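Visitor: See entry_15.txt below, with compact mmCIF, C-alpha atoms and all ligand atoms.
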# COMPACT_ATOMS: atom_id res chain seq x y z
CA MET A 1195 120.70 106.82 88.18
CA LYS A 1196 117.09 107.92 88.54
CA THR A 1197 115.07 106.26 91.30
CA THR A 1198 112.38 103.99 89.82
CA VAL A 1199 109.09 103.14 91.51
CA LEU A 1200 106.43 100.71 90.30
CA VAL A 1201 102.89 101.90 91.13
CA THR A 1202 100.01 99.42 91.10
CA GLY A 1203 96.44 100.68 90.80
CA ALA A 1204 97.85 103.64 88.87
CA THR A 1205 94.44 104.61 87.46
CA GLY A 1206 92.76 104.35 90.88
CA HIS A 1207 92.10 106.92 93.60
CA VAL A 1208 95.35 106.55 95.54
CA GLY A 1209 97.73 105.07 92.95
CA ARG A 1210 97.07 107.74 90.32
CA ARG A 1211 97.95 110.51 92.76
CA VAL A 1212 101.00 108.59 94.07
CA ALA A 1213 102.26 108.31 90.49
CA GLU A 1214 101.64 112.01 89.79
CA ILE A 1215 103.49 113.16 92.93
CA LEU A 1216 106.45 110.86 92.22
CA LEU A 1217 106.69 112.13 88.63
CA GLU A 1218 106.60 115.72 89.92
CA SER A 1219 109.55 114.79 92.20
CA GLY A 1220 111.61 113.57 89.22
CA ILE A 1221 111.20 109.88 90.01
CA ALA A 1222 110.76 107.35 87.19
CA VAL A 1223 107.32 105.72 87.47
CA ARG A 1224 106.19 102.38 86.07
CA ALA A 1225 102.40 102.64 86.12
CA VAL A 1226 100.42 99.38 86.28
CA GLY A 1227 96.86 98.99 85.01
CA ARG A 1228 94.88 96.83 82.62
CA ASP A 1229 94.04 99.52 80.09
CA GLY A 1230 96.62 101.53 78.17
CA ALA A 1231 94.11 104.29 77.37
CA ARG A 1232 93.37 104.86 81.06
CA LEU A 1233 97.12 105.08 81.77
CA ARG A 1234 97.71 107.63 78.98
CA PRO A 1235 97.43 110.78 81.17
CA LEU A 1236 100.29 109.43 83.31
CA VAL A 1237 102.32 108.50 80.23
CA GLU A 1238 101.88 112.07 79.01
CA ARG A 1239 103.49 113.18 82.31
CA GLY A 1240 106.43 110.82 81.76
CA ALA A 1241 105.37 107.48 83.27
CA LEU A 1242 106.05 104.15 81.61
CA ALA A 1243 102.78 102.26 81.05
CA CYS A 1244 102.84 98.64 82.29
CA VAL A 1245 99.64 97.22 80.82
CA GLY A 1246 98.57 93.92 82.30
CA ASP A 1247 96.81 92.04 85.06
CA GLN A 1248 98.57 92.06 88.42
CA THR A 1249 97.40 88.53 89.19
CA ASP A 1250 99.79 87.54 86.36
CA THR A 1251 102.94 87.02 88.45
CA ALA A 1252 105.30 86.72 85.47
CA PHE A 1253 104.05 90.05 84.09
CA LEU A 1254 104.43 91.76 87.47
CA THR A 1255 107.89 90.30 88.08
CA ALA A 1256 109.10 91.57 84.70
CA GLN A 1257 107.78 95.08 85.47
CA LEU A 1258 109.37 95.07 88.93
CA ARG A 1259 112.86 94.05 87.87
CA GLY A 1260 115.32 96.86 88.60
CA ALA A 1261 112.75 99.00 90.45
CA ASP A 1262 113.86 100.57 93.74
CA ALA A 1263 110.42 100.43 95.33
CA ALA A 1264 106.75 99.60 94.77
CA PHE A 1265 103.40 101.02 95.77
CA VAL A 1266 101.28 97.94 96.41
CA MET A 1267 97.51 97.91 96.39
CA VAL A 1268 94.81 95.28 95.89
CA PRO A 1269 91.74 96.34 93.92
CA PRO A 1270 88.35 95.47 95.40
CA ASP A 1271 86.44 93.14 93.05
CA TYR A 1272 82.78 93.85 93.79
CA ALA A 1273 81.68 90.80 91.78
CA ALA A 1274 83.99 88.31 93.54
CA ALA A 1275 82.34 85.09 94.72
CA ASP A 1276 84.76 85.16 97.68
CA LEU A 1277 86.20 88.60 98.37
CA ARG A 1278 88.92 87.45 100.79
CA ALA A 1279 90.10 84.86 98.25
CA SER A 1280 90.22 87.57 95.59
CA TYR A 1281 92.42 89.77 97.81
CA ARG A 1282 94.59 86.74 98.55
CA ARG A 1283 95.03 85.97 94.84
CA HIS A 1284 96.30 89.52 94.22
CA GLY A 1285 98.38 89.51 97.40
CA ALA A 1286 100.07 86.21 96.56
CA SER A 1287 100.92 87.40 93.06
CA LEU A 1288 102.33 90.67 94.39
CA ALA A 1289 104.34 88.90 97.10
CA GLN A 1290 105.78 86.35 94.65
CA ALA A 1291 106.74 89.08 92.17
CA LEU A 1292 108.35 91.27 94.85
CA THR A 1293 110.34 88.23 96.00
CA ALA A 1294 111.39 87.15 92.49
CA ALA A 1295 112.44 90.66 91.51
CA ALA A 1296 114.17 91.20 94.89
CA THR A 1297 112.45 94.58 95.28
CA PRO A 1298 113.94 96.19 98.39
CA PHE A 1299 111.12 98.53 99.50
CA ALA A 1300 107.30 98.64 99.34
CA VAL A 1301 104.51 100.82 100.65
CA THR A 1302 101.21 98.96 101.00
CA LEU A 1303 97.73 100.45 100.87
CA SER A 1304 96.15 98.85 103.94
CA SER A 1305 93.43 99.93 106.36
CA VAL A 1306 92.59 100.78 109.92
CA GLY A 1307 91.56 97.42 111.44
CA ALA A 1308 94.12 95.37 109.47
CA GLU A 1309 95.61 93.94 112.69
CA ARG A 1310 92.33 92.02 113.25
CA SER A 1311 91.99 88.49 111.89
CA GLU A 1312 88.17 88.36 112.00
CA GLY A 1313 85.02 90.46 111.84
CA THR A 1314 86.25 93.30 109.61
CA GLY A 1315 84.84 92.32 106.19
CA PRO A 1316 87.00 93.43 103.23
CA ILE A 1317 89.76 94.55 105.61
CA LEU A 1318 90.56 90.87 106.25
CA GLY A 1319 92.01 90.91 102.73
CA LEU A 1320 94.39 93.66 103.83
CA HIS A 1321 95.27 91.76 107.02
CA ASP A 1322 96.31 88.89 104.71
CA LEU A 1323 98.20 91.26 102.40
CA GLU A 1324 100.24 92.68 105.30
CA GLU A 1325 101.09 89.15 106.48
CA LEU A 1326 102.15 88.04 102.98
CA LEU A 1327 104.52 90.99 102.62
CA ASN A 1328 105.82 90.61 106.18
CA GLY A 1329 106.91 87.10 105.14
CA ILE A 1330 109.38 88.38 102.52
CA ALA A 1331 112.80 88.41 104.17
CA GLY A 1332 114.56 90.95 101.96
CA LEU A 1333 111.71 93.44 101.71
CA ALA A 1334 111.29 96.57 103.82
CA ALA A 1335 107.53 97.18 103.83
CA VAL A 1336 105.45 99.97 105.35
CA HIS A 1337 101.72 99.29 105.53
CA LEU A 1338 99.61 102.44 105.36
CA ARG A 1339 96.58 101.79 107.57
CA ALA A 1340 94.23 104.26 105.96
CA ALA A 1341 90.96 105.48 107.44
CA TYR A 1342 87.54 105.37 105.75
CA PHE A 1343 87.96 107.18 102.43
CA MET A 1344 86.05 110.46 102.06
CA GLU A 1345 85.60 109.34 98.43
CA ASN A 1346 83.22 106.61 99.69
CA GLN A 1347 80.55 109.33 99.84
CA LEU A 1348 80.66 109.47 96.02
CA PHE A 1349 78.74 106.16 96.06
CA ASN A 1350 75.84 108.01 97.69
CA VAL A 1351 75.39 110.74 95.07
CA GLY A 1352 72.54 108.81 93.38
CA THR A 1353 70.70 108.20 96.68
CA ILE A 1354 71.01 111.87 97.61
CA GLN A 1355 69.79 113.00 94.19
CA ASN A 1356 66.94 110.49 93.97
CA ALA A 1357 65.78 110.12 97.58
CA GLY A 1358 66.90 113.45 99.04
CA ILE A 1359 68.73 111.74 101.93
CA ASN A 1360 72.20 110.42 102.66
CA GLY A 1361 72.45 107.05 104.39
CA GLY A 1362 74.03 103.71 105.03
CA THR A 1363 74.34 100.99 107.66
CA ILE A 1364 77.18 102.64 109.61
CA SER A 1365 75.93 104.35 112.77
CA GLY A 1366 75.40 108.08 112.28
CA GLU A 1367 76.53 108.72 115.86
CA VAL A 1368 79.96 107.12 116.02
CA PRO A 1369 82.94 109.35 115.19
CA ILE A 1370 85.29 107.62 112.76
CA PRO A 1371 88.46 108.86 111.08
CA MET A 1372 87.92 109.85 107.44
CA VAL A 1373 90.70 110.64 104.99
CA ALA A 1374 90.91 112.07 101.49
CA THR A 1375 92.79 109.66 99.23
CA GLY A 1376 95.02 112.54 98.12
CA ASP A 1377 96.37 112.72 101.69
CA ILE A 1378 97.21 109.00 101.61
CA ALA A 1379 99.04 109.51 98.32
CA VAL A 1380 101.19 112.29 99.79
CA VAL A 1381 102.27 110.02 102.68
CA ALA A 1382 102.89 107.07 100.32
CA ALA A 1383 104.89 109.13 97.83
CA THR A 1384 107.03 110.66 100.59
CA LEU A 1385 107.87 107.21 101.99
CA LEU A 1386 108.64 105.86 98.51
CA ARG A 1387 110.89 108.81 97.73
CA ASP A 1388 112.84 108.65 101.02
CA ARG A 1389 112.78 104.84 101.58
CA ARG A 1390 114.02 105.22 105.14
CA ALA A 1391 111.06 103.90 107.15
CA ALA A 1392 111.45 100.96 109.52
CA SER A 1393 110.89 97.63 107.83
CA LYS A 1394 107.67 95.66 108.42
CA SER A 1395 106.03 98.63 110.07
CA HIS A 1396 102.62 100.24 109.75
CA ARG A 1397 101.57 103.84 109.75
CA TYR A 1398 98.05 105.21 110.19
CA VAL A 1399 96.71 107.84 107.77
CA LEU A 1400 93.62 109.33 109.38
CA GLY A 1401 92.58 112.70 108.00
CA PRO A 1402 92.37 115.75 110.29
CA ARG A 1403 89.83 114.45 112.86
CA ASP A 1404 87.22 111.79 113.60
CA LEU A 1405 83.69 112.74 112.62
CA THR A 1406 80.28 111.09 112.51
CA LEU A 1407 78.40 110.45 109.29
CA ARG A 1408 75.77 112.91 110.54
CA GLU A 1409 78.44 115.63 110.73
CA ALA A 1410 79.85 114.63 107.34
CA THR A 1411 76.35 114.76 105.85
CA ARG A 1412 75.83 118.26 107.25
CA SER A 1413 79.04 119.42 105.54
CA LEU A 1414 78.04 117.71 102.33
CA GLY A 1415 74.57 119.29 102.48
CA ASN A 1416 76.11 122.73 102.95
CA ALA A 1417 78.46 122.18 100.02
CA ILE A 1418 75.63 121.26 97.63
CA GLY A 1419 73.18 123.91 98.84
CA ARG A 1420 70.98 121.44 100.78
CA PRO A 1421 71.72 122.37 104.41
CA ASP A 1422 68.84 120.17 105.66
CA LEU A 1423 70.33 116.98 104.18
CA GLN A 1424 69.97 114.15 106.73
CA TYR A 1425 71.95 110.95 107.32
CA VAL A 1426 69.58 108.00 107.74
CA GLU A 1427 70.71 104.66 109.20
CA PHE A 1428 69.43 102.00 106.77
CA PRO A 1429 68.36 98.58 108.08
CA GLU A 1430 70.71 95.85 106.89
CA ASP A 1431 68.00 94.02 104.92
CA GLY A 1432 67.20 97.05 102.80
CA ALA A 1433 70.88 97.84 102.25
CA ARG A 1434 71.55 94.19 101.36
CA GLN A 1435 68.86 94.21 98.65
CA ALA A 1436 70.05 97.57 97.30
CA MET A 1437 73.68 96.41 97.03
CA LEU A 1438 72.67 93.10 95.41
CA GLY A 1439 70.57 95.14 92.97
CA MET A 1440 73.66 97.18 92.05
CA GLY A 1441 75.43 93.95 91.06
CA LEU A 1442 77.62 93.32 94.11
CA SER A 1443 78.10 89.61 94.78
CA PRO A 1444 76.40 88.11 97.86
CA ASP A 1445 79.78 87.59 99.57
CA VAL A 1446 80.91 91.16 98.89
CA VAL A 1447 77.60 92.48 100.29
CA GLU A 1448 77.98 90.45 103.49
CA ARG A 1449 81.62 91.56 103.90
CA PHE A 1450 80.64 95.23 103.57
CA LEU A 1451 77.77 94.85 106.03
CA GLU A 1452 80.20 93.18 108.46
CA MET A 1453 82.71 96.04 108.07
CA ASN A 1454 80.01 98.64 108.68
CA ARG A 1455 78.92 96.83 111.87
CA ALA A 1456 82.54 96.75 113.00
CA LEU A 1457 82.95 100.49 112.33
CA SER A 1458 79.78 101.19 114.32
CA SER A 1459 80.76 98.98 117.28
CA GLY A 1460 84.37 100.14 117.53
CA TRP A 1461 85.77 96.71 116.57
CA ILE A 1462 87.60 98.58 113.81
CA THR A 1463 89.61 101.18 115.67
CA VAL A 1464 92.93 103.01 115.68
CA VAL A 1465 95.21 101.10 118.05
CA GLY A 1466 96.97 103.60 120.31
CA GLY A 1467 94.88 106.54 119.10
CA ARG A 1468 95.52 109.43 116.76
CA THR A 1469 98.94 111.11 116.72
CA PRO A 1470 100.31 114.19 114.94
CA GLU A 1471 102.02 111.84 112.45
CA SER A 1472 98.79 110.01 111.57
CA THR A 1473 96.79 113.25 111.22
CA THR A 1474 96.61 114.60 107.67
CA PRO A 1475 95.32 117.98 106.45
CA THR A 1476 92.33 117.69 104.09
CA THR A 1477 89.11 118.45 105.98
CA PHE A 1478 85.78 116.90 105.09
CA GLU A 1479 84.38 120.42 104.59
CA SER A 1480 86.94 121.28 101.90
CA PHE A 1481 86.67 117.81 100.35
CA ALA A 1482 82.88 118.20 100.14
CA ARG A 1483 83.25 121.56 98.39
CA GLU A 1484 86.04 120.59 96.02
CA VAL A 1485 85.35 116.92 95.18
CA LEU A 1486 81.83 115.91 96.22
CA ALA A 1487 79.87 119.00 95.16
CA PRO A 1488 81.09 118.89 91.51
CA ALA A 1489 79.82 115.27 91.30
CA PHE A 1490 76.29 116.65 91.71
CA GLY A 1491 76.64 118.40 88.33
N1 LIG A 1501 87.34 102.70 100.58
C1 LIG A 1501 87.89 102.79 101.78
O1 LIG A 1501 87.34 103.42 102.69
C2 LIG A 1501 89.21 102.11 102.04
C3 LIG A 1501 89.87 102.35 103.25
C4 LIG A 1501 91.11 101.75 103.48
C5 LIG A 1501 91.66 100.90 102.52
N2 LIG A 1501 90.97 100.69 101.34
C6 LIG A 1501 91.59 99.80 100.33
O2 LIG A 1501 92.04 100.60 99.25
C7 LIG A 1501 92.08 99.79 98.07
C8 LIG A 1501 91.38 100.53 96.94
O3 LIG A 1501 92.13 101.67 96.61
P1 LIG A 1501 91.64 102.74 95.52
O4 LIG A 1501 90.29 103.27 95.94
O5 LIG A 1501 92.75 103.66 95.26
O6 LIG A 1501 91.42 101.80 94.26
P2 LIG A 1501 90.42 102.02 93.04
O7 LIG A 1501 90.19 103.49 92.82
O8 LIG A 1501 89.27 101.08 93.22
O9 LIG A 1501 91.32 101.52 91.82
C9 LIG A 1501 91.61 100.17 91.58
C10 LIG A 1501 92.86 100.14 90.71
O10 LIG A 1501 93.25 98.78 90.50
C11 LIG A 1501 93.44 98.55 89.11
N3 LIG A 1501 93.10 97.14 88.84
C12 LIG A 1501 91.92 96.54 89.06
N4 LIG A 1501 92.03 95.22 88.76
C13 LIG A 1501 93.29 95.03 88.34
C14 LIG A 1501 94.01 93.88 87.88
N5 LIG A 1501 93.43 92.67 87.85
N6 LIG A 1501 95.30 94.04 87.51
C15 LIG A 1501 95.91 95.26 87.53
N7 LIG A 1501 95.28 96.37 87.98
C16 LIG A 1501 93.99 96.25 88.37
C17 LIG A 1501 92.52 99.53 88.42
O11 LIG A 1501 93.02 99.82 87.16
P3 LIG A 1501 92.30 99.42 85.79
O12 LIG A 1501 90.84 99.21 86.07
O13 LIG A 1501 92.60 100.61 84.92
O14 LIG A 1501 93.02 98.17 85.38
C18 LIG A 1501 92.67 100.76 89.34
O15 LIG A 1501 93.85 101.45 89.00
C19 LIG A 1501 91.43 98.46 98.41
O16 LIG A 1501 92.41 97.50 98.70
C20 LIG A 1501 90.64 98.81 99.67
O17 LIG A 1501 90.38 97.69 100.48
C21 LIG A 1501 89.79 101.28 101.08
Is it possible to give me this structure as structure tokens?

Guide:
Amino acid sequence: MKTTVLVTGATGHVGRRVAEILLESGIAVRAVGRDGARLRPLVERGALACVGDQTDTAFLTAQLRGADAAFVMVPPDYAAADLRASYRRHGASLAQALTAAATPFAVTLSSVGAERSEGTGPILGLHDLEELLNGIAGLAAVHLRAAYFMENQLFNVGTIQNAGINGGTISGEVPIPMVATGDIAVVAATLLRDRRAASKSHRYVLGPRDLTLREATRSLGNAIGRPDLQYVEFPEDGARQAMLGMGLSPDVVERFLEMNRALSSGWITVVGGRTPESTTPTTFESFAREVLAPAFG
């Protein structure tokens, strides 16, 4: 019988690509999302659309029954009054459904810093998610501790176009690992296909090397024909007002500022350092050319 994998966040950055790779490998995919129209491109490639809200445990349990494995992610809700509680609501629903359906294997989208129980902002939600899944006796779970997504730079397209600078509250001087979400999807899909990884383990997914936001901005500038593009460290107060103005809730804004401080100070770090296994191929230079530059129209 064909292997079946349930993919949450199947219209998102990582989940969509996980679903595509699994379908290309001949695996049956149940693709979860709230909007059937957004899932249609995956259905056209052979996926089964599972339209619903993943905080609805009965819905999730029904979709999981008979599946061999699941790709588990929690969507960030930028309007949440309490971001950690929002992650916990999703995590609890996922954990209850995995338990009820007796799903044997899961790959979790987690983050560098998830071992910490304080001071990491949104990543605390992923710390909680790992703990919830680790509590399920019959489940073999691998938590992918992903680096800072290269896709995060897409949020800055407007600033670059309007103000002629790139910027944020993360230090421009501190090298951090950055990964393309497509690289995370390759690792996730491989684990889901093979289902041989050690239970209750984690695996870092870090991109090819650590780089500073100044270096990343130089590559981005070169890719869009603005080689003088600068990265400017924004004061927290200005960034806070800008994020509130974009509709992020006060709690979400404070969590992101906390995470950026932790990235700058080294509180969020790769325990044990980079290894060949945690190093993935897509460079920031190629990502800037192929993904970021087209976003500038
Ligand atoms: N950004 C980073 O640097 C970074 C680094 C490490 C880890 N992470 C973690 O990665 C995760 C985000 O991954 P991503 O960027 O791939 O996600 P994304 O692109 O933001 O996509 C979110 C997905 O969740 C689905 N979704 C949202 N609410 C839902 C609900 N109530 N029920 C069912 N589906 C729902 C969305 O589908 P519909 O809208 O179509 O329903 C979409 O498919 C977060 O947990 C984040 O903390 C991020």

Visitor: Could you please determine the separation between atom O13 of ligand LIG 1501 (chain A) and atom CA of Asp1271 of chain A in Å, to one decimal place?

Guide: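 Taking atom O13 of ligand LIG 1501 (chain A) as the start and atom CA of Asp1271 of chain A as the end point, the length is 12.6 Å.
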
Visitor: Please report as CSV every residue of segment 1213-1263 of chain A lying within 6 Å of segment 1287-1307 of chain A, along with the nearest atom pair and their distance in Å (one decimal), using only C-alpha atoms.

Guide:
residue,atom,partner,partner_atom,distance
A:Thr1249,CA,A:Ser1287,CA,5.4
A:Thr1251,CA,A:Ser1287,CA,5.0
A:Leu1254,CA,A:Ala1291,CA,5.9
A:Thr1255,CA,A:Ala1291,CA,4.4
A:Leu1258,CA,A:Ala1295,CA,6.0
A:Arg1259,CA,A:Ala1295,CA,5.0
A:Ala1263,CA,A:Phe1299,CA,4.6

Visitor: Just want the residues within 7 Å of ligand LIG 1501 (chain A), written as a PyMOL selection string, counting all atoms listed in the file.

Guide: chain A and resi 1202-1209+1226-1229+1232+1246-1249+1267-1270+1303-1306+1316-1317+1320+1339-1343+1346

Visitor: Between A:Ala1383, A:Gln1424, A:Asp1431, A:Lys1394, single out the one closest to Gly1332 of chain A, counting only C-alpha atoms.

Guide: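 Under the stated criterion, the closest residue is A:Lys1394.
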
Visitor: Using all atoms listed in the file, determine which residues lie at most 9 Å from Leu1348 of chain A, disregarding the query and same-chain residues fewer than 4 positions distant; provide the list as a ChimeraX atom specification.

Guide: /A:1344,1352,1485-1486,1489

Visitor: Write out as a VMD selection string each polymer residue whose atoms come within 9 Å of Phe1478 of chain A, counting only C-alpha atoms; drop sequence neighbours fewer than 3 positions from it.

Guide: chain A and resid 1344 1372 to 1374 1401 to 1402 1405 1410 1413 to 1414 1481 to 1483

Visitor: Taking all atoms listed in the file into account, which of A:Asn1356, A:Gln1347, A:Asn1454, A:Thr1469 comes nearest Arg1397 of chain A?

Guide: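 Ranked by minimum distance to Arg1397 of chain A, first place goes to A:Thr1469.
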
Visitor: Identify, on the basis of all atoms listed in the file, every residue whose closest approach to Glu1452 of chain A does not exceed 12 Å; exclude the query and any residue fewer than 5 positions from it along the same chain; express the result as a list in words.

Guide: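 The residues satisfying every condition are Glu1312, Gly1313, Thr1314, Gly1315, Pro1316, Ile1317, Leu1318, Thr1363, Ile1364, Glu1430, Arg1434, Asp1445, Val1446, Val1447, Leu1457, Ser1458, Ser1459, Trp1461 and Ile1462 of chain A.
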
Visitor: Quick one, how far is atom CA of Pro1488 of chain A from atom CA of Val1368 of chain A?

Guide: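 Separation of atom CA of Pro1488 of chain A and atom CA of Val1368 of chain A: 27.2 Å.
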
Visitor: If you count only C-alpha atoms, which residues fall within 8 Å of segment 1214-1218 of chain A, apart from same-chain ones fewer than 4 positions away, as a PyMOL selection string?

Guide: chain A and resi 1210+1222-1223+1236+1239-1241+1379-1380+1383+1387

Visitor: Give me, please, the distance in Å between atom CA of Asp1250 of chain A and atom CA of Leu1323 of chain A, quoted to one decimal.

Guide: 16.5 Å

Visitor: Quick one: 8 Å padding each side, axis-aligned, all listed atoms of segment 1411-1418 of chain A - centre and edge lengths in Å to one decimal, as lines of an AutoDock Vina configuration file?

Guide:
center_x = 76.8
center_y = 118.7
center_z = 102.4
size_x = 20.5
size_y = 24.0
size_z = 25.6

Visitor: All heavy atoms are needed for segment 1364-1373 of chain A; please write them out as a compact mmCIF listing (two decimals), keeping the file's coordinate frame.

Guide:
# COMPACT_ATOMS: atom_id res chain seq x y z
N ILE A 1364 76.28 102.21 108.52
CA ILE A 1364 77.18 102.64 109.61
C ILE A 1364 76.39 103.59 110.51
O ILE A 1364 75.63 104.44 110.03
CB ILE A 1364 78.42 103.37 109.05
CG1 ILE A 1364 79.20 102.45 108.10
CG2 ILE A 1364 79.33 103.85 110.19
CD1 ILE A 1364 80.37 103.14 107.40
N SER A 1365 76.59 103.45 111.83
CA SER A 1365 75.93 104.35 112.77
C SER A 1365 76.21 105.81 112.40
O SER A 1365 77.34 106.15 112.03
CB SER A 1365 76.45 104.07 114.18
OG SER A 1365 76.10 105.15 115.03
N GLY A 1366 75.19 106.64 112.53
CA GLY A 1366 75.40 108.08 112.28
C GLY A 1366 76.00 108.79 113.47
O GLY A 1366 76.33 109.98 113.39
N GLU A 1367 76.13 108.07 114.60
CA GLU A 1367 76.53 108.72 115.86
C GLU A 1367 77.98 108.47 116.25
O GLU A 1367 78.47 109.10 117.18
CB GLU A 1367 75.67 108.17 117.02
CG GLU A 1367 74.17 108.31 116.83
CD GLU A 1367 73.75 109.77 116.78
OE1 GLU A 1367 74.49 110.61 117.33
OE2 GLU A 1367 72.71 110.06 116.17
N VAL A 1368 78.62 107.52 115.58
CA VAL A 1368 79.96 107.12 116.02
C VAL A 1368 81.02 107.89 115.23
O VAL A 1368 81.06 107.80 114.00
CB VAL A 1368 80.17 105.60 115.80
CG1 VAL A 1368 81.58 105.18 116.18
CG2 VAL A 1368 79.15 104.81 116.60
N PRO A 1369 81.88 108.65 115.92
CA PRO A 1369 82.94 109.35 115.19
C PRO A 1369 83.97 108.35 114.63
O PRO A 1369 84.42 107.47 115.36
CB PRO A 1369 83.59 110.25 116.24
CG PRO A 1369 82.69 110.19 117.43
CD PRO A 1369 81.93 108.91 117.36
N ILE A 1370 84.26 108.49 113.37
CA ILE A 1370 85.29 107.62 112.76
C ILE A 1370 86.27 108.51 111.99
O ILE A 1370 85.89 109.58 111.51
CB ILE A 1370 84.68 106.55 111.82
CG1 ILE A 1370 83.80 107.18 110.73
CG2 ILE A 1370 83.89 105.51 112.58
CD1 ILE A 1370 83.29 106.18 109.70
N PRO A 1371 87.53 108.07 111.89
CA PRO A 1371 88.46 108.86 111.08
C PRO A 1371 88.10 108.74 109.60
O PRO A 1371 87.70 107.67 109.14
CB PRO A 1371 89.83 108.21 111.37
CG PRO A 1371 89.53 106.84 111.86
CD PRO A 1371 88.16 106.86 112.47
N MET A 1372 88.18 109.86 108.89
CA MET A 1372 87.92 109.85 107.44
C MET A 1372 89.04 110.62 106.76
O MET A 1372 89.42 111.70 107.21
CB MET A 1372 86.59 110.56 107.13
CG MET A 1372 85.37 109.84 107.64
SD MET A 1372 83.85 110.59 107.01
CE MET A 1372 82.70 110.04 108.27
N VAL A 1373 89.54 110.05 105.65
CA VAL A 1373 90.70 110.64 104.99
C VAL A 1373 90.43 110.80 103.50
O VAL A 1373 89.78 109.95 102.88
CB VAL A 1373 91.96 109.76 105.25
CG1 VAL A 1373 91.85 108.39 104.60
CG2 VAL A 1373 93.23 110.46 104.81
